[in-house]
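Take a look at the structure set out below.
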Amino acid sequence: MSINRREFLKLAGFSTVLGLTGSSVIDELLKSKADASQVLLDEKALSAKRWAMIIDTSKFKTEEDYKNVIQACHSIHNVPDIGNPKDEVKWIWTDTYEHTFPGQENEYIPEGIKHKPFLLLCNHCDNPPCVRVCPTKATFKRKDGIVMMDQHRCIGCRFCMAACPFGARSFNWRDPRPFIKETNPEYPSRTKGVVEKCTFCFERLAKGLQPACVEKSNGGLIFGDLSDPKSEARKVLSTHYTIRRKPEIGTQPSVYYIIGTGGNENA
Amino acid sequence: MYDGGKIIAGLTIFLAVVTFPILYNMGKPSAVPEPKLNTPEIQQLQEKHCVESKEYMRANHMQLLNDWRDWAVRDGKRVYVNSEGKHFTISLQNTCMHCHSNKKEFCDRCHTYANVKPYCWSCHLAPKEKET
């Protein structure tokens with residue numbers, strides 16, 4: 001049986017169409033029940049194009065002010081208190097002016113600032129180096145600007161820790177469970193061998209709540225959307241002079257600092 | 001064959017020892033795991049229905065959990081709409097384990113039987129089991 005060129009092309013074209021549509025029909029029929037369902041955002045969820053935090057350092061006066069904020073975060077996120085700096089795990093912590101803003105210090109800055117602790121946390125950079133180096137995409141940038149950790153994917157290579165210029169990441173050198181004083185049953189802990197850090201309370205934002213530290217800060221921490229000119233964060237930024245940590249590196253941190261001693265100049 | 005008798009006797013003993021567990025259990029029904037659904041939280045439910053049908057959950061809970069994990073952690077979406085249009089919060093600790101507060105008698109029964117070791121619980125906190 002011979003077949004000419006024209007007939008062959010017709011046949012080939014016809015079988016291609018059949019093959020393509022045929023498979024999609026079969027796929028449609030095989031669709032399981034769960035595929036028919038879908039996922040939604042909670043109606044109450046807070047959303048933004050660029051989440052950011054402003055730390056008004058003048059509002060932090062006593063040791064209690066810092067403690068409340070750190071405790072609020074660490075207790076709800078099951079952050080262990082291991083008690084030695086080598087194995088330390090931290091999401092939000094404090095350090096001196098010199099260490100917080102290296103290169104900005106001089107001999108004559110007010111005493112109240114020189115020895116004042118500054119709150120530090122993940123800066124949720126616009127251009128996060130930790131995300132660029134992560135080989136498994138365990139750390140990634142969400143559409144709302146939050147630099148997220150997916151503990152399910154973390155292989156503990158610690159590239160992100162080397163990449164982060166702010167030391168915002170902690171590695172679980174040991175099982176954290178025994179070091180969690182009171183576990184919060186609503187949030188997971190971590191396991192040995194993964195890296196963790198602040199997530200801007202993504203789980204609270206999804207429920208329509210502000211981050212835990214902001215809630216406990218008595219106005220010392222302001223959280224809001226940078227892309228919205230009417231947001232509280234933008235209002236504060238437009239009326240106060242703020243600085244960011246290591247801006248020269250170009251990671252564009254989303255945590256801003258209003259520097260002030262809180263009227264306690266001679267402390 | 002040199003020492004044929006000894007070799008054959010040795011082989012017979014070896015085979016008997018190796019196949020003993022199989023032969024011993026042959027024909028005996030092994031205990032089928034029965035995950036317990038009888039928790040106080042489930043008892044209080046008006047309609048005793050999981051997020052999807054029992055058959056679907058039995059066969060596909062691992063895929064569902066996988067999807068839930070990606071939706072919650074990677075997409076930030078926390079509301080699951082099931083095939084009947086009902087809404088559920090996507091959370092292993094707060095939704096699944098709220099009703100199934102008996103990990104040992106629910107999750108572990110089948111997982112032990114099937115010898116699968118899901119690593120959910122190295123991070124996720126299992127509910128505190130009440131002594132019954």
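Going by the structure tokens order, chains are called A, B, ..., each with residues numbered from 1, while ligands are numbered from 1 in the order shown.
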
Report the closest atom pair, with its distance in Å rounded to one decimal, for each residue of chain A that has an atom no farther than 9 Å from chain B; count only C-alpha atoms, sort by chain and then rising residue number, and write it as JSON lines.
{"residue": "A:Lys33", "atom": "CA", "partner": "B:Ser83", "partner_atom": "CA", "distance": 6.4}
{"residue": "A:Ala34", "atom": "CA", "partner": "B:Ser83", "partner_atom": "CA", "distance": 6.4}
{"residue": "A:Asp35", "atom": "CA", "partner": "B:Ser83", "partner_atom": "CA", "distance": 8.3}
{"residue": "A:Ala36", "atom": "CA", "partner": "B:Ser83", "partner_atom": "CA", "distance": 6.1}
{"residue": "A:Ser37", "atom": "CA", "partner": "B:Asn82", "partner_atom": "CA", "distance": 5.0}
{"residue": "A:Gln38", "atom": "CA", "partner": "B:Val81", "partner_atom": "CA", "distance": 5.3}
{"residue": "A:Val39", "atom": "CA", "partner": "B:Tyr80", "partner_atom": "CA", "distance": 4.6}
{"residue": "A:Leu40", "atom": "CA", "partner": "B:Val79", "partner_atom": "CA", "distance": 4.9}
{"residue": "A:Leu41", "atom": "CA", "partner": "B:Lys77", "partner_atom": "CA", "distance": 4.8}
{"residue": "A:Asp42", "atom": "CA", "partner": "B:Val79", "partner_atom": "CA", "distance": 5.9}
{"residue": "A:Phe140", "atom": "CA", "partner": "B:Arg74", "partner_atom": "CA", "distance": 8.4}
{"residue": "A:Arg142", "atom": "CA", "partner": "B:Arg74", "partner_atom": "CA", "distance": 7.7}
{"residue": "A:Lys143", "atom": "CA", "partner": "B:Asp75", "partner_atom": "CA", "distance": 8.9}
{"residue": "A:Met148", "atom": "CA", "partner": "B:Arg74", "partner_atom": "CA", "distance": 8.1}
{"residue": "A:Met149", "atom": "CA", "partner": "B:Val73", "partner_atom": "CA", "distance": 8.2}
{"residue": "A:Asp150", "atom": "CA", "partner": "B:Val73", "partner_atom": "CA", "distance": 6.4}
{"residue": "A:Gln151", "atom": "CA", "partner": "B:Cys123", "partner_atom": "CA", "distance": 8.7}
{"residue": "A:His152", "atom": "CA", "partner": "B:Arg69", "partner_atom": "CA", "distance": 8.7}
{"residue": "A:Arg177", "atom": "CA", "partner": "B:Cys123", "partner_atom": "CA", "distance": 8.7}
{"residue": "A:Thr183", "atom": "CA", "partner": "B:Leu125", "partner_atom": "CA", "distance": 8.6}
{"residue": "A:Asn184", "atom": "CA", "partner": "B:Leu125", "partner_atom": "CA", "distance": 8.7}
{"residue": "A:Pro185", "atom": "CA", "partner": "B:Leu125", "partner_atom": "CA", "distance": 6.3}
{"residue": "A:Glu186", "atom": "CA", "partner": "B:Asn94", "partner_atom": "CA", "distance": 6.0}
{"residue": "A:Tyr187", "atom": "CA", "partner": "B:Gln93", "partner_atom": "CA", "distance": 7.3}
{"residue": "A:Pro188", "atom": "CA", "partner": "B:His124", "partner_atom": "CA", "distance": 4.4}
{"residue": "A:Ser189", "atom": "CA", "partner": "B:Cys123", "partner_atom": "CA", "distance": 4.9}
{"residue": "A:Arg190", "atom": "CA", "partner": "B:Cys123", "partner_atom": "CA", "distance": 4.7}
{"residue": "A:Thr191", "atom": "CA", "partner": "B:Cys123", "partner_atom": "CA", "distance": 5.3}
{"residue": "A:Lys192", "atom": "CA", "partner": "B:Ser122", "partner_atom": "CA", "distance": 8.6}
{"residue": "A:Phe202", "atom": "CA", "partner": "B:Gly76", "partner_atom": "CA", "distance": 7.7}
{"residue": "A:Glu203", "atom": "CA", "partner": "B:Gly76", "partner_atom": "CA", "distance": 8.2}
{"residue": "A:Ala206", "atom": "CA", "partner": "B:Arg78", "partner_atom": "CA", "distance": 7.1}
{"residue": "A:Lys207", "atom": "CA", "partner": "B:Arg78", "partner_atom": "CA", "distance": 8.7}

> Do you know which residues are at most 12 Å from Arg58 of chain B counting only C-alpha atoms, after dropping those on the same chain fewer than 3 positions away, and could you put them as a list in words?
Replying inline: Glu34, Pro35, Cys50, Val51, Glu52, Ser53, Lys54, Glu55, His61, Met62, Gln63, Leu64, Phe106, Cys107 and Cys110 of chain B

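Remark: for Thr251 of chain A, the closest of the candidate residues A:His124, A:Lys10, A:Lys86, A:Lys197 is A:His124 (distances computed over only C-alpha atoms).
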
>> Need the shell around segment 209-216 of chain A: protein/DNA/RNA residues with any atom at most 8 Å away, counting only C-alpha atoms. Skip same-chain ones fewer than 4 positions apart. Format as a PyMOL selection string?
In response: chain A and resi 45-46+68-70+72-73+200-202+204-205+220-223
